[in-house]
file query.pdb (PDB, C-alpha atoms, pLDDT in the B column)
ATOM      1  CA  MET A   1     106.978  71.892  88.154  1.00 62.00           C
ATOM      2  CA  ASN A   2     106.632  71.516  91.933  1.00 78.00           C
ATOM      3  CA  ASP A   3     103.939  73.294  93.940  1.00 93.00           C
ATOM      4  CA  ILE A   4     106.221  76.062  95.201  1.00 96.00           C
ATOM      5  CA  ALA A   5     107.489  76.840  91.707  1.00 95.00           C
ATOM      6  CA  LEU A   6     103.918  76.789  90.386  1.00 96.00           C
ATOM      7  CA  HIS A   7     102.750  79.233  93.035  1.00 96.00           C
ATOM      8  CA  ILE A   8     105.695  81.556  92.367  1.00 96.00           C
ATOM      9  CA  THR A   9     104.839  81.557  88.666  1.00 95.00           C
ATOM     10  CA  GLN A  10     101.105  82.099  89.187  1.00 96.00           C
ATOM     11  CA  ILE A  11     101.562  85.006  91.597  1.00 97.00           C
ATOM     12  CA  GLY A  12     104.225  86.539  89.389  1.00 95.00           C
ATOM     13  CA  GLN A  13     101.780  86.606  86.498  1.00 96.00           C
ATOM     14  CA  GLU A  14      99.351  88.672  88.595  1.00 96.00           C
ATOM     15  CA  LEU A  15     101.846  91.372  89.511  1.00 97.00           C
ATOM     16  CA  PRO A  16     101.913  94.551  87.438  1.00 97.00           C
ATOM     17  CA  ALA A  17     105.158  96.007  86.156  1.00 95.00           C
ATOM     18  CA  GLY A  18     107.048  97.630  88.990  1.00 94.00           C
ATOM     19  CA  THR A  19     105.659  95.355  91.711  1.00 98.00           C
ATOM     20  CA  ARG A  20     107.894  92.665  93.201  1.00 98.00           C
ATOM     21  CA  LEU A  21     107.158  89.549  95.187  1.00 98.00           C
ATOM     22  CA  VAL A  22     108.723  89.093  98.616  1.00 98.00           C
ATOM     23  CA  ALA A  23     108.487  85.360  99.313  1.00 98.00           C
ATOM     24  CA  VAL A  24     107.938  85.171 103.074  1.00 97.00           C
ATOM     25  CA  SER A  25     110.107  82.233 104.013  1.00 95.00           C
ATOM     26  CA  LYS A  26     110.000  82.606 107.804  1.00 93.00           C
ATOM     27  CA  PHE A  27     109.564  79.271 109.601  1.00 92.00           C
ATOM     28  CA  HIS A  28     110.197  77.359 106.376  1.00 94.00           C
ATOM     29  CA  PRO A  29     113.330  75.275 105.798  1.00 94.00           C
ATOM     30  CA  ALA A  30     116.177  76.023 103.430  1.00 95.00           C
ATOM     31  CA  GLU A  31     114.993  73.253 101.106  1.00 95.00           C
ATOM     32  CA  ALA A  32     111.713  75.078 100.473  1.00 95.00           C
ATOM     33  CA  ILE A  33     113.560  78.338  99.861  1.00 97.00           C
ATOM     34  CA  MET A  34     115.791  76.604  97.327  1.00 97.00           C
ATOM     35  CA  GLU A  35     112.735  75.324  95.459  1.00 96.00           C
ATOM     36  CA  ALA A  36     111.540  78.920  95.134  1.00 97.00           C
ATOM     37  CA  TYR A  37     115.046  80.074  94.246  1.00 97.00           C
ATOM     38  CA  GLU A  38     115.306  77.517  91.470  1.00 96.00           C
ATOM     39  CA  ALA A  39     112.000  78.864  90.124  1.00 95.00           C
ATOM     40  CA  GLY A  40     113.640  82.269  89.799  1.00 96.00           C
ATOM     41  CA  GLN A  41     112.635  83.917  93.085  1.00 98.00           C
ATOM     42  CA  ARG A  42     115.389  86.105  94.582  1.00 98.00           C
ATOM     43  CA  ILE A  43     113.663  88.211  97.286  1.00 98.00           C
ATOM     44  CA  PHE A  44     112.843  86.471 100.556  1.00 98.00           C
ATOM     45  CA  GLY A  45     111.353  87.873 103.759  1.00 98.00           C
ATOM     46  CA  GLU A  46     112.240  86.828 107.300  1.00 98.00           C
ATOM     47  CA  SER A  47     111.049  88.068 110.686  1.00 97.00           C
ATOM     48  CA  ARG A  48     113.474  86.518 113.173  1.00 97.00           C
ATOM     49  CA  VAL A  49     117.077  87.629 113.227  1.00 98.00           C
ATOM     50  CA  GLN A  50     118.610  84.313 114.311  1.00 98.00           C
ATOM     51  CA  GLU A  51     116.731  82.388 111.633  1.00 97.00           C
ATOM     52  CA  LEU A  52     117.599  84.977 108.986  1.00 98.00           C
ATOM     53  CA  VAL A  53     121.314  84.902 109.782  1.00 98.00           C
ATOM     54  CA  ALA A  54     121.389  81.103 109.669  1.00 98.00           C
ATOM     55  CA  LYS A  55     119.707  81.070 106.257  1.00 98.00           C
ATOM     56  CA  TYR A  56     121.937  83.849 104.922  1.00 98.00           C
ATOM     57  CA  GLU A  57     125.018  81.827 105.838  1.00 97.00           C
ATOM     58  CA  THR A  58     123.901  78.673 104.037  1.00 97.00           C
ATOM     59  CA  LEU A  59     121.885  79.858 101.025  1.00 98.00           C
ATOM     60  CA  PRO A  60     123.024  81.515  97.759  1.00 98.00           C
ATOM     61  CA  LYS A  61     124.541  84.950  98.172  1.00 97.00           C
ATOM     62  CA  ASP A  62     122.538  86.560  95.369  1.00 98.00           C
ATOM     63  CA  ILE A  63     119.383  86.332  97.491  1.00 98.00           C
ATOM     64  CA  ALA A  64     118.066  89.741  98.561  1.00 98.00           C
ATOM     65  CA  TRP A  65     117.010  89.303 102.180  1.00 98.00           C
ATOM     66  CA  HIS A  66     114.233  91.538 103.493  1.00 98.00           C
ATOM     67  CA  PHE A  67     113.517  91.836 107.208  1.00 98.00           C
ATOM     68  CA  ILE A  68     109.753  92.133 107.696  1.00 98.00           C
ATOM     69  CA  GLY A  69     109.137  91.542 111.404  1.00 96.00           C
ATOM     70  CA  HIS A  70     109.485  93.602 114.559  1.00 96.00           C
ATOM     71  CA  LEU A  71     113.202  94.362 114.855  1.00 97.00           C
ATOM     72  CA  GLN A  72     114.772  94.752 118.288  1.00 97.00           C
ATOM     73  CA  THR A  73     117.512  97.365 118.470  1.00 98.00           C
ATOM     74  CA  ASN A  74     120.004  94.964 120.088  1.00 98.00           C
ATOM     75  CA  LYS A  75     119.773  92.623 117.095  1.00 98.00           C
ATOM     76  CA  VAL A  76     120.327  95.126 114.293  1.00 98.00           C
ATOM     77  CA  LYS A  77     124.090  94.474 114.330  1.00 98.00           C
ATOM     78  CA  TYR A  78     123.614  90.883 113.187  1.00 98.00           C
ATOM     79  CA  ILE A  79     121.829  91.770 109.934  1.00 98.00           C
ATOM     80  CA  ALA A  80     123.342  95.176 109.125  1.00 98.00           C
ATOM     81  CA  PRO A  81     126.245  93.701 107.105  1.00 98.00           C
ATOM     82  CA  PHE A  82     124.008  92.049 104.503  1.00 98.00           C
ATOM     83  CA  ILE A  83     120.335  93.001 104.742  1.00 98.00           C
ATOM     84  CA  SER A  84     118.834  94.308 101.508  1.00 98.00           C
ATOM     85  CA  LEU A  85     115.766  96.079 102.929  1.00 98.00           C
ATOM     86  CA  ILE A  86     114.265  96.504 106.398  1.00 98.00           C
ATOM     87  CA  HIS A  87     110.500  96.925 106.047  1.00 98.00           C
ATOM     88  CA  SER A  88     109.624  97.501 109.687  1.00 97.00           C
ATOM     89  CA  VAL A  89     111.292 100.646 111.051  1.00 98.00           C
ATOM     90  CA  ASP A  90     108.746 101.694 113.653  1.00 96.00           C
ATOM     91  CA  SER A  91     110.603 104.332 115.682  1.00 96.00           C
ATOM     92  CA  GLU A  92     113.337 106.931 115.418  1.00 97.00           C
ATOM     93  CA  LYS A  93     115.323 104.983 118.022  1.00 97.00           C
ATOM     94  CA  LEU A  94     115.447 101.974 115.707  1.00 98.00           C
ATOM     95  CA  LEU A  95     116.339 104.182 112.743  1.00 98.00           C
ATOM     96  CA  SER A  96     119.232 105.639 114.742  1.00 98.00           C
ATOM     97  CA  VAL A  97     120.563 102.200 115.672  1.00 98.00           C
ATOM     98  CA  ILE A  98     120.348 100.999 112.069  1.00 98.00           C
ATOM     99  CA  ASP A  99     122.274 104.092 110.980  1.00 98.00           C
ATOM    100  CA  GLY A 100     125.008 103.430 113.525  1.00 98.00           C
ATOM    101  CA  GLU A 101     125.389  99.757 112.657  1.00 98.00           C
ATOM    102  CA  ALA A 102     125.340 100.508 108.927  1.00 98.00           C
ATOM    103  CA  ALA A 103     128.139 103.041 109.442  1.00 98.00           C
ATOM    104  CA  LYS A 104     130.259 100.384 111.165  1.00 98.00           C
ATOM    105  CA  CYS A 105     129.800  98.164 108.110  1.00 97.00           C
ATOM    106  CA  GLY A 106     130.509 100.945 105.626  1.00 98.00           C
ATOM    107  CA  ARG A 107     127.028 100.542 104.198  1.00 98.00           C
ATOM    108  CA  THR A 108     123.887 102.546 103.589  1.00 98.00           C
ATOM    109  CA  VAL A 109     120.915 100.375 104.549  1.00 98.00           C
ATOM    110  CA  ASP A 110     117.599 100.729 102.740  1.00 98.00           C
ATOM    111  CA  CYS A 111     114.586 100.990 105.058  1.00 98.00           C
ATOM    112  CA  LEU A 112     110.838 101.427 105.012  1.00 98.00           C
ATOM    113  CA  LEU A 113     108.978 103.276 107.754  1.00 98.00           C
ATOM    114  CA  GLU A 114     106.167 101.219 109.248  1.00 97.00           C
ATOM    115  CA  ILE A 115     102.774 102.896 109.505  1.00 97.00           C
ATOM    116  CA  HIS A 116      99.982 101.547 111.710  1.00 95.00           C
ATOM    117  CA  VAL A 117      96.709 101.741 109.775  1.00 94.00           C
ATOM    118  CA  ALA A 118      95.034  98.546 111.018  1.00 92.00           C
ATOM    119  CA  GLN A 119      92.290  98.528 113.644  1.00 85.00           C
ATOM    120  CA  GLU A 120      94.346  96.205 115.832  1.00 74.00           C
ATOM    121  CA  GLU A 121      96.392  97.125 118.879  1.00 70.00           C
ATOM    122  CA  SER A 122      99.012  94.446 118.245  1.00 63.00           C
ATOM    123  CA  LYS A 123     100.491  96.122 115.177  1.00 66.00           C
ATOM    124  CA  TYR A 124     103.660  98.186 115.487  1.00 86.00           C
ATOM    125  CA  GLY A 125     104.461 101.415 113.701  1.00 93.00           C
ATOM    126  CA  PHE A 126     103.857 105.139 113.577  1.00 96.00           C
ATOM    127  CA  THR A 127     100.257 106.297 113.367  1.00 94.00           C
ATOM    128  CA  PRO A 128      99.708 108.507 110.324  1.00 96.00           C
ATOM    129  CA  ASP A 129      99.366 111.592 112.534  1.00 96.00           C
ATOM    130  CA  SER A 130     102.399 110.834 114.720  1.00 95.00           C
ATOM    131  CA  PHE A 131     104.385 110.143 111.575  1.00 97.00           C
ATOM    132  CA  ARG A 132     103.451 113.502 110.041  1.00 97.00           C
ATOM    133  CA  GLU A 133     104.389 115.273 113.261  1.00 97.00           C
ATOM    134  CA  TRP A 134     107.728 113.469 113.473  1.00 97.00           C
ATOM    135  CA  LEU A 135     108.582 114.032 109.824  1.00 97.00           C
ATOM    136  CA  ALA A 136     107.826 117.756 110.089  1.00 96.00           C
ATOM    137  CA  GLY A 137     111.007 118.104 112.161  1.00 95.00           C
ATOM    138  CA  ASN A 138     113.168 116.944 109.211  1.00 94.00           C
ATOM    139  CA  PRO A 139     114.681 114.059 111.198  1.00 96.00           C
ATOM    140  CA  LEU A 140     116.046 112.009 108.320  1.00 96.00           C
ATOM    141  CA  GLY A 141     119.067 114.213 107.652  1.00 94.00           C
ATOM    142  CA  LYS A 142     120.600 112.978 110.895  1.00 96.00           C
ATOM    143  CA  TYR A 143     120.975 109.451 109.534  1.00 97.00           C
ATOM    144  CA  PRO A 144     123.309 109.408 106.514  1.00 97.00           C
ATOM    145  CA  HIS A 145     123.735 105.634 106.554  1.00 98.00           C
ATOM    146  CA  VAL A 146     120.012 104.969 106.180  1.00 98.00           C
ATOM    147  CA  ARG A 147     118.127 105.440 102.937  1.00 98.00           C
ATOM    148  CA  VAL A 148     114.374 105.723 103.442  1.00 98.00           C
ATOM    149  CA  ARG A 149     112.802 104.040 100.439  1.00 98.00           C
ATOM    150  CA  GLY A 150     109.122 104.284 101.372  1.00 98.00           C
ATOM    151  CA  LEU A 151     106.421 102.982 103.699  1.00 98.00           C
ATOM    152  CA  MET A 152     105.160  99.631 104.933  1.00 98.00           C
ATOM    153  CA  GLY A 153     101.867  98.723 106.544  1.00 97.00           C
ATOM    154  CA  MET A 154      99.491  95.894 107.335  1.00 95.00           C
ATOM    155  CA  ALA A 155      95.736  95.981 107.024  1.00 95.00           C
ATOM    156  CA  SER A 156      93.448  94.563 109.681  1.00 94.00           C
ATOM    157  CA  LEU A 157      93.134  90.792 109.724  1.00 91.00           C
ATOM    158  CA  THR A 158      89.506  90.645 108.683  1.00 93.00           C
ATOM    159  CA  ASP A 159      87.169  89.314 106.021  1.00 93.00           C
ATOM    160  CA  ASP A 160      85.783  92.827 105.539  1.00 95.00           C
ATOM    161  CA  ASP A 161      87.284  93.823 102.194  1.00 96.00           C
ATOM    162  CA  ARG A 162      85.907  97.345 102.536  1.00 97.00           C
ATOM    163  CA  ARG A 163      87.896  97.925 105.694  1.00 96.00           C
ATOM    164  CA  ILE A 164      91.055  96.508 104.133  1.00 97.00           C
ATOM    165  CA  ASP A 165      90.497  98.689 101.086  1.00 97.00           C
ATOM    166  CA  ARG A 166      90.126 101.796 103.267  1.00 97.00           C
ATOM    167  CA  GLU A 167      93.306 101.016 105.181  1.00 97.00           C
ATOM    168  CA  PHE A 168      95.397 100.400 102.079  1.00 98.00           C
ATOM    169  CA  GLY A 169      93.931 103.564 100.571  1.00 98.00           C
ATOM    170  CA  GLU A 170      94.949 105.549 103.643  1.00 97.00           C
ATOM    171  CA  LEU A 171      98.492 104.222 103.420  1.00 98.00           C
ATOM    172  CA  LYS A 172      98.756 105.040  99.711  1.00 98.00           C
ATOM    173  CA  ARG A 173      97.528 108.601 100.297  1.00 98.00           C
ATOM    174  CA  LEU A 174     100.107 109.056 103.053  1.00 98.00           C
ATOM    175  CA  PHE A 175     102.828 107.689 100.775  1.00 98.00           C
ATOM    176  CA  ASP A 176     101.907 110.168  98.034  1.00 98.00           C
ATOM    177  CA  GLU A 177     101.728 113.022 100.543  1.00 98.00           C
ATOM    178  CA  VAL A 178     105.151 112.243 101.988  1.00 97.00           C
ATOM    179  CA  LYS A 179     106.778 111.783  98.588  1.00 98.00           C
ATOM    180  CA  ALA A 180     105.613 115.271  97.591  1.00 97.00           C
ATOM    181  CA  SER A 181     106.413 116.892 100.940  1.00 96.00           C
ATOM    182  CA  GLY A 182     110.094 117.695 100.440  1.00 95.00           C
ATOM    183  CA  LYS A 183     110.868 115.872 103.707  1.00 95.00           C
ATOM    184  CA  VAL A 184     112.228 112.770 101.945  1.00 96.00           C
ATOM    185  CA  ASP A 185     114.436 112.182  98.927  1.00 95.00           C
ATOM    186  CA  ALA A 186     111.673 111.746  96.355  1.00 96.00           C
ATOM    187  CA  SER A 187     114.107 110.209  93.860  1.00 97.00           C
ATOM    188  CA  VAL A 188     114.477 107.082  96.026  1.00 97.00           C
ATOM    189  CA  PHE A 189     111.206 107.181  97.988  1.00 98.00           C
ATOM    190  CA  ASP A 190     109.526 104.676  95.700  1.00 98.00           C
ATOM    191  CA  GLU A 191     108.508 101.577  97.658  1.00 98.00           C
ATOM    192  CA  LEU A 192     105.119 100.826  99.203  1.00 98.00           C
ATOM    193  CA  SER A 193     105.096  97.469 100.978  1.00 98.00           C
ATOM    194  CA  MET A 194     101.580  96.221 101.622  1.00 98.00           C
ATOM    195  CA  GLY A 195      99.611  93.089 100.947  1.00 97.00           C
ATOM    196  CA  MET A 196      99.941  89.503 102.134  1.00 97.00           C
ATOM    197  CA  SER A 197      98.494  86.182 101.011  1.00 95.00           C
ATOM    198  CA  HIS A 198      94.916  87.023 101.979  1.00 94.00           C
ATOM    199  CA  ASP A 199      94.784  90.630 100.762  1.00 97.00           C
ATOM    200  CA  TYR A 200      97.519  91.295  98.213  1.00 98.00           C
ATOM    201  CA  ARG A 201      95.091  91.722  95.341  1.00 97.00           C
ATOM    202  CA  LEU A 202      93.479  94.656  97.169  1.00 98.00           C
ATOM    203  CA  ALA A 203      96.941  96.061  97.912  1.00 98.00           C
ATOM    204  CA  LEU A 204      97.812  95.933  94.217  1.00 98.00           C
ATOM    205  CA  GLN A 205      94.801  98.148  93.475  1.00 97.00           C
ATOM    206  CA  HIS A 206      96.400 100.806  95.685  1.00 98.00           C
ATOM    207  CA  GLY A 207      99.839 100.719  94.101  1.00 98.00           C
ATOM    208  CA  SER A 208     101.766  98.298  96.279  1.00 98.00           C
ATOM    209  CA  THR A 209     105.297  97.800  94.945  1.00 98.00           C
ATOM    210  CA  LEU A 210     106.184  94.945  97.326  1.00 98.00           C
ATOM    211  CA  VAL A 211     103.760  92.179  98.288  1.00 98.00           C
ATOM    212  CA  ARG A 212     104.785  89.919 101.176  1.00 98.00           C
ATOM    213  CA  ILE A 213     103.420  86.447 100.465  1.00 97.00           C
ATOM    214  CA  GLY A 214     104.177  83.287 102.402  1.00 96.00           C
ATOM    215  CA  THR A 215     101.268  80.904 102.861  1.00 95.00           C
ATOM    216  CA  SER A 216     100.140  81.099  99.220  1.00 95.00           C
ATOM    217  CA  ILE A 217     103.635  79.982  98.170  1.00 96.00           C
ATOM    218  CA  PHE A 218     104.906  77.642 100.886  1.00 95.00           C
ATOM    219  CA  GLY A 219     101.685  76.512 102.548  1.00 90.00           C
ATOM    220  CA  ASP A 220     101.315  76.594 106.294  1.00 79.00           C
ATOM    221  CA  ARG A 221     104.357  77.404 108.406  1.00 65.00           C
ATOM    222  CA  GLY A 222     106.946  74.674 108.345  1.00 47.00           C
ATOM    223  CA  TYR A 223     107.791  74.606 112.065  1.00 41.00           C
TER     224      TYR A 223
END
call {"tool": "encode", "arguments": {"input": "query.pdb", "output": "C-alpha cells"}}
result
Amino acid sequence: MNDIALHITQIGQELPAGTRLVAVSKFHPAEAIMEAYEAGQRIFGESRVQELVAKYETLPKDIAWHFIGHLQTNKVKYIAPFISLIHSVDSEKLLSVIDGEAAKCGRTVDCLLEIHVAQEESKYGFTPDSFREWLAGNPLGKYPHVRVRGLMGMASLTDDDRRIDREFGELKRLFDEVKASGKVDASVFDELSMGMSHDYRLALQHGSTLVRIGTSIFGDRGY
C-alpha cells in the first residue's frame, strides 16, 4: 500500500458514521489523485476553477468534485455543469449567479453557506449575525436551482485548541439553530463542513459531516 492509500485508510478509520472525507487535491497532480482514487476515495476538493476543470476533463467521471475555495462570480459557469458541491458560498450575489448558471445547465447545484467564525480578517463568509439577519428575509426561495445543504467554516489558524474548539462550537450551534428555524429545507440541510488536516479531530467532536484534508493525505502542495 502506498503512502497516499495508507493515509486515506487511516483517516477513514477515524471518521464516525455519517462523516465523509473530502481529499483536498488542489495543487497536486492527477497521478496523486489517481492513487487516492484507487484506494477508494471518490470526493476531492479543489479551490481553483481552471485547475478543477482540467482535472475533471481527464480523471474518472464518478469522482464527486467539491469546490472549497473563494469562488469568483465570473467563473461559476465553468463548473456549474458538473460540480457536486460548492462549499464556499459567501454572498447572496454568488448564490444568485450559481442559481442562474445551474438553470442554464438544467441542474440544481448543492451549496454550503460559508460562515466566518475565525479571528482572522482574511477569511471570507457571512458573520453569524449578518447571516441571521440575511436569512430572516427568507431569501432562499428566490433561487430554485440552488439547494442549500448546510454550512461551512474554518477555524483560526492557531495552536490554541481552546479557541478552535470555541469556533467550531459556535458554527455547530448556528447550524442547529438554522436547521430548526424554518428558513431552510430541514430535510436536506444536513452538511456541516469544518475541519482540516491540523484540526479535523476537534471538528469531529462538534459534528462535522465533511472534513477537508489535504496535507495529511498528499503531503505538502505539489506545485
call {"tool": "closest_residue", "arguments": {"input": "query.pdb", "among": "A:Ala54, A:Val109, A:Leu59, A:Leu174", "to": "Val76 (chain A)", "atoms": "only C-alpha atoms"}}
result
A:Val109
call {"tool": "resolve_selection", "arguments": {"input": "query.pdb", "expression": "the PyMOL selection byres ((chain A and resi 20) around 7)", "output": "PyMOL selection string"}}
result
chain A and resi 18-19+21-22+209-211
call {"tool": "closest_residue", "arguments": {"input": "query.pdb", "among": "A:Ile8, A:Ile213, A:Ala39, A:Ser208", "to": "Met196 (chain A)", "atoms": "all atoms listed in the file"}}
result
A:Ile213
call {"tool": "closest_residue", "arguments": {"input": "query.pdb", "among": "A:Glu14, A:Glu133, A:Asp165, A:Glu101", "to": "Ala118 (chain A)", "atoms": "all atoms listed in the file"}}
result
A:Asp165
call {"tool": "residues_around", "arguments": {"input": "query.pdb", "residues": "Val49 (chain A)", "least_positions_apart": "3", "cutoff": "7 Å", "atoms": "only C-alpha atoms", "output": "PDB file with C-alpha atoms, in the coordinates of the input"}}
result
ATOM      1  CA  LEU A  52     117.599  84.977 108.986  1.00 98.00           C
ATOM      2  CA  VAL A  53     121.314  84.902 109.782  1.00 98.00           C
ATOM      3  CA  LYS A  75     119.773  92.623 117.095  1.00 98.00           C
TER       4      LYS A  75
END
